[in-house]
file start_26.txt (compact mmCIF, C-alpha atoms)
# COMPACT_ATOMS: atom_id res chain seq x y z
CA ALA A 1 113.54 79.89 210.89
CA ALA A 2 113.05 83.66 210.86
CA VAL A 3 110.54 83.43 213.71
CA GLU A 4 112.99 81.33 215.73
CA GLN A 5 115.75 83.90 215.25
CA LEU A 6 113.48 86.81 216.14
CA ALA A 7 112.03 85.05 219.18
CA ALA A 8 115.53 84.19 220.42
CA ARG A 9 116.25 87.94 220.41
CA GLY A 10 113.20 88.65 222.56
CA ALA A 11 110.69 89.64 219.90
CA GLN A 12 106.98 89.00 220.29
CA VAL A 13 106.00 87.35 217.01
CA LEU A 14 102.60 86.95 215.38
CA LEU A 15 102.54 84.07 212.90
CA ALA A 16 100.00 84.56 210.12
CA CYS A 17 99.55 81.17 208.42
CA ARG A 18 97.20 79.80 205.76
CA SER A 19 96.88 76.51 207.64
CA LEU A 20 96.20 76.65 211.37
CA GLU A 21 97.15 72.99 211.63
CA ARG A 22 100.59 73.60 210.14
CA GLY A 23 100.89 76.83 212.10
CA ARG A 24 100.26 75.00 215.37
CA ALA A 25 102.83 72.37 214.41
CA ALA A 26 105.38 75.11 213.70
CA MET A 27 104.61 76.78 217.03
CA ALA A 28 105.15 73.50 218.87
CA VAL A 29 108.60 73.17 217.32
CA LEU A 30 109.41 76.80 218.05
CA LYS A 31 108.30 76.52 221.68
CA ASP A 32 110.52 73.49 222.08
CA ARG A 33 113.53 75.33 220.67
CA THR A 34 112.84 78.71 222.30
CA PRO A 35 110.75 78.03 225.43
CA ALA A 36 110.50 81.71 226.36
CA ALA A 37 109.19 82.72 222.95
CA GLU A 38 106.09 84.95 222.92
CA LEU A 39 104.14 83.72 219.91
CA SER A 40 100.58 84.04 218.67
CA LEU A 41 98.89 82.46 215.67
CA HIS A 42 96.35 83.85 213.21
CA ARG A 43 94.93 82.39 210.03
CA VAL A 44 95.22 84.27 206.75
CA ASP A 45 95.19 83.38 203.07
CA MET A 46 97.35 86.10 201.52
CA ALA A 47 95.82 85.48 198.09
CA ASP A 48 92.33 86.21 199.46
CA LEU A 49 91.82 89.94 200.03
CA ALA A 50 88.84 89.36 202.33
CA SER A 51 91.01 87.11 204.49
CA VAL A 52 93.78 89.74 204.57
CA ALA A 53 91.25 92.41 205.59
CA GLU A 54 90.10 90.19 208.47
CA LEU A 55 93.68 89.82 209.67
CA ILE A 56 94.16 93.59 209.62
CA GLU A 57 91.18 93.97 211.96
CA ARG A 58 92.72 91.49 214.43
CA VAL A 59 96.13 93.15 214.70
CA ASP A 60 96.38 96.06 217.11
CA GLY A 61 99.15 97.78 219.01
CA PRO A 62 102.56 98.88 217.72
CA LEU A 63 104.46 96.75 215.20
CA HIS A 64 108.18 96.97 214.52
CA GLY A 65 108.28 94.54 211.62
CA LEU A 66 106.11 92.95 208.94
CA VAL A 67 107.64 90.10 206.93
CA HIS A 68 105.96 89.06 203.67
CA ASN A 69 107.10 85.46 203.29
CA ALA A 70 103.98 83.70 201.97
CA GLY A 71 104.78 82.13 198.62
CA ASN A 72 103.97 79.41 196.13
CA MET A 73 104.73 78.24 192.59
CA VAL A 74 102.13 76.46 190.48
CA ASP A 75 101.95 74.99 186.99
CA ARG A 76 98.52 76.22 185.96
CA CYS A 77 96.96 79.66 185.69
CA ASP A 78 94.13 80.29 188.17
CA PHE A 79 92.36 83.51 189.09
CA THR A 80 91.02 84.94 192.35
CA ALA A 81 87.59 86.45 192.94
CA GLU A 82 89.06 89.80 191.84
CA GLN A 83 90.13 88.21 188.51
CA VAL A 84 93.81 88.48 189.39
CA GLU A 85 96.19 85.60 188.70
CA TYR A 86 96.58 83.59 191.91
CA ILE A 87 100.37 83.86 192.44
CA THR A 88 100.28 87.60 191.76
CA SER A 89 97.54 87.98 194.35
CA LEU A 90 99.53 85.90 196.85
CA HIS A 91 102.89 87.60 196.33
CA VAL A 92 101.88 91.16 195.46
CA VAL A 93 98.23 92.17 195.94
CA GLY A 94 97.69 90.63 199.38
CA PRO A 95 100.97 92.03 200.75
CA HIS A 96 100.12 95.48 199.35
CA LEU A 97 96.82 95.42 201.22
CA LEU A 98 98.39 94.16 204.46
CA SER A 99 101.19 96.73 204.31
CA LEU A 100 98.79 99.64 203.89
CA GLY A 101 96.29 98.19 206.33
CA LEU A 102 98.89 97.99 209.10
CA LYS A 103 100.66 101.28 208.41
CA GLU A 104 99.29 102.92 211.57
CA GLN A 105 100.51 100.05 213.75
CA LEU A 106 103.93 100.23 212.08
CA ALA A 107 104.05 104.01 212.48
CA ALA A 108 103.32 103.53 216.18
CA GLY A 109 106.18 101.05 216.40
CA ALA A 110 108.50 103.55 214.71
CA ALA A 111 108.09 105.88 217.68
CA ASP A 112 110.76 104.02 219.69
CA ARG A 113 112.87 102.13 217.10
CA PRO A 114 113.01 101.50 213.34
CA ALA A 115 109.91 99.81 211.90
CA ARG A 116 110.27 97.91 208.66
CA ILE A 117 108.36 95.89 206.09
CA ILE A 118 110.38 93.10 204.47
CA PHE A 119 109.47 91.34 201.23
CA VAL A 120 111.12 87.93 200.89
CA ALA A 121 111.77 88.02 197.15
CA SER A 122 114.09 85.87 195.06
CA GLY A 123 117.15 86.13 192.88
CA GLY A 124 114.92 84.71 190.18
CA MET A 125 113.66 88.25 189.72
CA TYR A 126 116.88 89.06 187.87
CA THR A 127 115.52 87.13 184.88
CA GLN A 128 112.37 89.24 184.58
CA GLY A 129 111.40 92.82 183.89
CA LEU A 130 107.96 94.23 184.65
CA ASN A 131 104.84 94.06 182.50
CA ALA A 132 101.78 95.09 184.49
CA ALA A 133 99.20 93.57 182.16
CA GLU A 134 100.95 90.18 182.13
CA LEU A 135 101.50 90.35 185.88
CA PHE A 136 97.80 90.50 186.70
CA ALA A 137 96.45 88.45 183.79
CA PRO A 138 99.06 86.31 182.01
CA THR A 139 98.38 85.41 178.39
CA GLY A 140 99.66 82.57 176.25
CA ARG A 141 101.17 79.40 177.67
CA TYR A 142 101.49 79.67 181.44
CA ASP A 143 105.03 79.12 182.71
CA GLY A 144 104.81 78.84 186.49
CA MET A 145 108.54 79.37 187.11
CA ARG A 146 108.71 82.40 184.85
CA HIS A 147 105.60 83.94 186.37
CA TYR A 148 106.93 83.31 189.87
CA ALA A 149 110.07 85.27 188.95
CA HIS A 150 107.89 88.03 187.46
CA THR A 151 106.00 88.40 190.74
CA LYS A 152 109.30 88.51 192.62
CA ARG A 153 110.41 91.40 190.42
CA ALA A 154 107.09 93.04 191.21
CA GLN A 155 107.72 92.60 194.95
CA VAL A 156 111.06 94.41 194.68
CA VAL A 157 109.43 97.24 192.74
CA LEU A 158 106.54 97.38 195.21
CA ALA A 159 108.93 97.60 198.17
CA ASP A 160 110.54 100.67 196.63
CA GLN A 161 107.18 102.28 195.88
CA LEU A 162 105.81 101.61 199.37
CA HIS A 163 108.98 102.98 200.93
CA ALA A 164 108.35 106.32 199.23
CA ARG A 165 104.84 106.37 200.72
CA LEU A 166 105.60 105.10 204.22
CA ALA A 167 109.04 106.54 204.98
CA PRO A 168 107.43 109.83 206.13
CA LEU A 169 105.69 107.74 208.83
CA GLY A 170 109.03 106.31 209.94
CA VAL A 171 108.46 102.98 208.20
CA GLY A 172 111.16 101.54 205.94
CA VAL A 173 110.26 99.03 203.22
CA HIS A 174 112.84 96.61 201.82
CA SER A 175 113.12 93.39 199.82
CA MET A 176 115.67 90.61 200.13
CA HIS A 177 116.95 87.43 198.52
CA PRO A 178 117.47 84.56 200.99
CA GLY A 179 119.69 82.59 198.60
CA TRP A 180 118.67 79.19 197.29
CA VAL A 181 117.30 77.42 200.36
CA ASP A 182 116.69 73.68 200.70
CA THR A 183 113.01 73.51 201.69
CA PRO A 184 110.16 71.08 200.98
CA ALA A 185 108.59 73.75 198.77
CA ILE A 186 111.57 74.09 196.45
CA ARG A 187 111.93 70.30 196.25
CA ARG A 188 108.28 70.06 195.17
CA ALA A 189 108.22 72.99 192.76
CA MET A 190 111.72 72.65 191.25
CA PRO A 191 112.92 69.04 191.67
CA LYS A 192 115.52 69.17 188.88
CA PHE A 193 116.91 72.47 190.13
CA THR A 194 117.14 71.07 193.66
CA LEU A 195 119.01 68.01 192.45
CA LEU A 196 121.50 70.02 190.41
CA THR A 197 122.19 72.63 193.10
CA GLN A 198 122.60 70.47 196.20
CA ALA A 199 126.13 71.78 196.69
CA ILE A 200 125.03 75.41 197.01
CA LEU A 201 121.65 75.10 198.71
CA ARG A 202 121.41 76.83 202.08
CA THR A 203 119.71 75.81 205.29
CA PRO A 204 116.52 77.65 206.27
CA SER A 205 118.44 79.35 209.10
CA GLN A 206 121.01 80.68 206.67
CA GLY A 207 118.28 81.93 204.37
CA ALA A 208 116.42 83.60 207.22
CA ASP A 209 119.41 85.46 208.63
CA THR A 210 119.02 88.61 206.53
CA ILE A 211 115.26 88.65 207.21
CA SER A 212 115.63 88.70 210.99
CA TRP A 213 118.62 91.05 210.80
CA LEU A 214 116.68 93.58 208.72
CA VAL A 215 113.68 93.45 211.03
CA GLY A 216 115.77 94.12 214.13
CA ALA A 217 118.69 96.23 212.90
CA PRO A 218 118.74 99.38 215.05
CA ASP A 219 120.50 101.58 212.47
CA PRO A 220 117.95 104.06 211.06
CA SER A 221 120.29 104.96 208.20
CA LEU A 222 119.32 101.65 206.55
CA ASP A 223 115.99 103.27 205.74
CA GLU A 224 117.31 106.31 203.90
CA THR A 225 116.42 104.40 200.74
CA SER A 226 114.68 101.11 200.05
CA GLY A 227 117.06 98.24 199.36
CA PHE A 228 117.21 94.77 197.84
CA TRP A 229 119.37 92.83 200.30
CA PHE A 230 121.46 89.67 200.18
CA ASP A 231 123.62 88.45 203.07
CA ARG A 232 123.11 91.69 205.03
CA ALA A 233 124.30 93.87 202.14
CA ARG A 234 122.57 95.78 199.40
CA ALA A 235 122.46 93.87 196.11
CA PRO A 236 122.04 95.26 192.58
CA LEU A 237 118.56 95.48 191.12
CA MET A 238 119.63 94.40 187.64
CA MET A 239 121.99 91.76 186.28
CA SER A 240 121.25 92.12 182.56
CA LYS A 241 120.83 95.12 180.30
CA ARG A 242 118.15 93.16 178.45
CA VAL A 243 115.84 93.22 181.48
CA ARG A 244 113.65 96.32 181.62
CA VAL A 245 111.47 97.85 184.34
CA PRO A 246 109.92 100.85 182.56
CA GLU A 247 108.52 103.66 184.69
CA VAL A 248 105.22 103.42 182.81
CA GLU A 249 104.86 99.77 183.89
CA ILE A 250 105.57 100.69 187.49
CA LYS A 251 102.82 103.31 187.36
CA ARG A 252 100.39 100.84 185.76
CA MET A 253 101.15 98.22 188.41
CA MET A 254 100.69 100.64 191.29
CA ALA A 255 97.46 102.03 189.81
CA ARG A 256 96.01 98.53 189.53
CA LEU A 257 97.13 97.59 193.04
CA ASP A 258 95.59 100.74 194.52
CA GLU A 259 92.40 100.07 192.58
CA LEU A 260 92.20 96.54 193.98
CA VAL A 261 92.71 97.46 197.63
CA GLY A 262 91.43 101.03 197.65
CA SER A 263 88.11 100.40 199.37
CA MET A 264 89.73 98.17 202.00
CA VAL A 265 92.31 100.56 203.50
call {"tool": "encode", "arguments": {"input": "start_26.txt", "output": "structure tokens"}}
result
Amino acid sequence: AAVEQLAARGAQVLLACRSLERGRAAMAVLKDRTPAAELSLHRVDMADLASVAELIERVDGPLHGLVHNAGNMVDRCDFTAEQVEYITSLHVVGPHLLSLGLKEQLAAGAADRPARIIFVASGGMYTQGLNAAELFAPTGRYDGMRHYAHTKRAQVVLADQLHARLAPLGVGVHSMHPGWVDTPAIRRAMPKFTLLTQAILRTPSQGADTISWLVGAPDPSLDETSGFWFDRARAPLMMSKRVRVPEVEIKRMMARLDELVGSMV
């Protein structure tokens, strides 16, 4: 839905998909809806750092936007080759690598208009603070929904941290909440939630609106600070005084992320 909105506004869009088969199917639908769309397709597994590094090598020329929308929720704890929990690698480590790996292309894009990185997070992050050790290697009984929300909190924190690094290059970094969107993924991962919230679930187009707006908004003042956005407006970072994001945990998370991707950027 975000690609369709961006293409309709004249953007050239590169789709980076884990499945080329599904990516081609999506492109066929998009071409039917927006015949003039300029689209290209690349394969990447955002949980696999080697795959992300290969994508970085294939992307050249200026970029005006990078949208981190790859996501999943699972009910068992698995680890990547780097011994990082799979969902954390997918939502946090891979996007960190891709963001840093494409910073020169984004800086080049910023020469003629705002360039931004957008993390598609979730309002579920309001339920979680930040614990770096648990983020990378959960202990105890694995709760897939809780860990998903933890990684979404981490994405919001990471957006703010990357903004501080990349803003001097002209690149703004933001996170957003699309609202609760009726998709096959949410029906699979949260069937009871989907059933109980039918009245408030949004369409994919409604959920994508703030994504495509942020990517293309011409106002550079949006990038004075990083933001967590909902319905084209800044949203609060906290909803409960019991939720904590200690500075020491932010530093531990960023140190581990930099350690994981350091030799690849």
call {"tool": "closest_residue", "arguments": {"input": "start_26.txt", "among": "A:Ala37, A:Val59, A:Leu260, A:Ile250", "to": "Gln83 of chain A", "atoms": "only C-alpha atoms"}}
result
A:Leu260
call {"tool": "residues_around", "arguments": {"input": "start_26.txt", "residues": "Arg113 of chain A", "least_positions_apart": "2", "cutoff": "10 Å", "atoms": "all atoms listed in the file", "output": "PyMOL selection string"}}
result
chain A and resi 64+108-111+115-116+170-171+216-220
call {"tool": "residues_around", "arguments": {"input": "start_26.txt", "residues": "Arg58 of chain A", "least_positions_apart": "6", "cutoff": "12 Å", "atoms": "all atoms listed in the file", "output": "ChimeraX atom specification"}}
result
/A:14,16,40-44,51-52,98,101-102,105
call {"tool": "closest_atom_pairs", "arguments": {"input": "start_26.txt", "of": "segment 157-183 of chain A", "to": "segment 126-144 of chain A", "cutoff": "12 Å", "atoms": "only C-alpha atoms", "output": "CSV"}}
result
residue,atom,partner,partner_atom,distance
A:Val157,CA,A:Leu130,CA,8.8
A:Leu158,CA,A:Leu130,CA,11.1
A:His177,CA,A:Tyr126,CA,10.8
call {"tool": "closest_residue", "arguments": {"input": "start_26.txt", "among": "A:Gly65, A:Gly71, A:Gly262, A:Gly23", "to": "Ile211 of chain A", "atoms": "all atoms listed in the file"}}
result
A:Gly65
call {"tool": "closest_residue", "arguments": {"input": "start_26.txt", "among": "A:Ala121, A:Ala28, A:Ala149, A:Leu162", "to": "Gly207 of chain A", "atoms": "all atoms listed in the file"}}
result
A:Ala121
call {"tool": "atom_distance", "arguments": {"input": "start_26.txt", "atom1": "atom CA of Met176 of chain A", "atom2": "atom CA of Ile118 of chain A"}}
result
7.3 Å
call {"tool": "closest_residue", "arguments": {"input": "start_26.txt", "among": "A:Glu57, A:Glu224, A:Glu259, A:Asp209", "to": "Glu82 of chain A", "atoms": "all atoms listed in the file"}}
result
A:Glu259
call {"tool": "closest_residue", "arguments": {"input": "start_26.txt", "among": "A:Pro62, A:His147, A:Arg165, A:Ala154", "to": "Arg252 of chain A", "atoms": "only C-alpha atoms"}}
result
A:Ala154
call {"tool": "decode", "arguments": {"input": "start_26.txt", "residues": "segment 23-39 of chain A", "atoms": "C-alpha atoms", "output": "PDB file, in the first residue's frame"}}
result
ATOM      1  CA  GLY A  23       7.491  -9.648  -4.666  1.00  0.00           C
ATOM      2  CA  ARG A  24       6.692 -10.306  -8.318  1.00  0.00           C
ATOM      3  CA  ALA A  25       3.046 -10.909  -7.429  1.00  0.00           C
ATOM      4  CA  ALA A  26       2.946  -7.592  -5.566  1.00  0.00           C
ATOM      5  CA  MET A  27       4.559  -5.811  -8.520  1.00  0.00           C
ATOM      6  CA  ALA A  28       1.957  -7.252 -10.888  1.00  0.00           C
ATOM      7  CA  VAL A  29      -0.833  -5.842  -8.724  1.00  0.00           C
ATOM      8  CA  LEU A  30       0.937  -2.504  -8.409  1.00  0.00           C
ATOM      9  CA  LYS A  31       1.515  -2.242 -12.167  1.00  0.00           C
ATOM     10  CA  ASP A  32      -2.157  -2.916 -12.735  1.00  0.00           C
ATOM     11  CA  ARG A  33      -3.183  -0.181 -10.307  1.00  0.00           C
ATOM     12  CA  THR A  34      -0.477   2.344 -11.244  1.00  0.00           C
ATOM     13  CA  PRO A  35       0.591   1.551 -14.830  1.00  0.00           C
ATOM     14  CA  ALA A  36       3.176   4.337 -14.937  1.00  0.00           C
ATOM     15  CA  ALA A  37       4.902   3.170 -11.763  1.00  0.00           C
ATOM     16  CA  GLU A  38       8.696   2.839 -11.917  1.00  0.00           C
ATOM     17  CA  LEU A  39       9.417  -0.210  -9.778  1.00  0.00           C
TER      18      LEU A  39
END
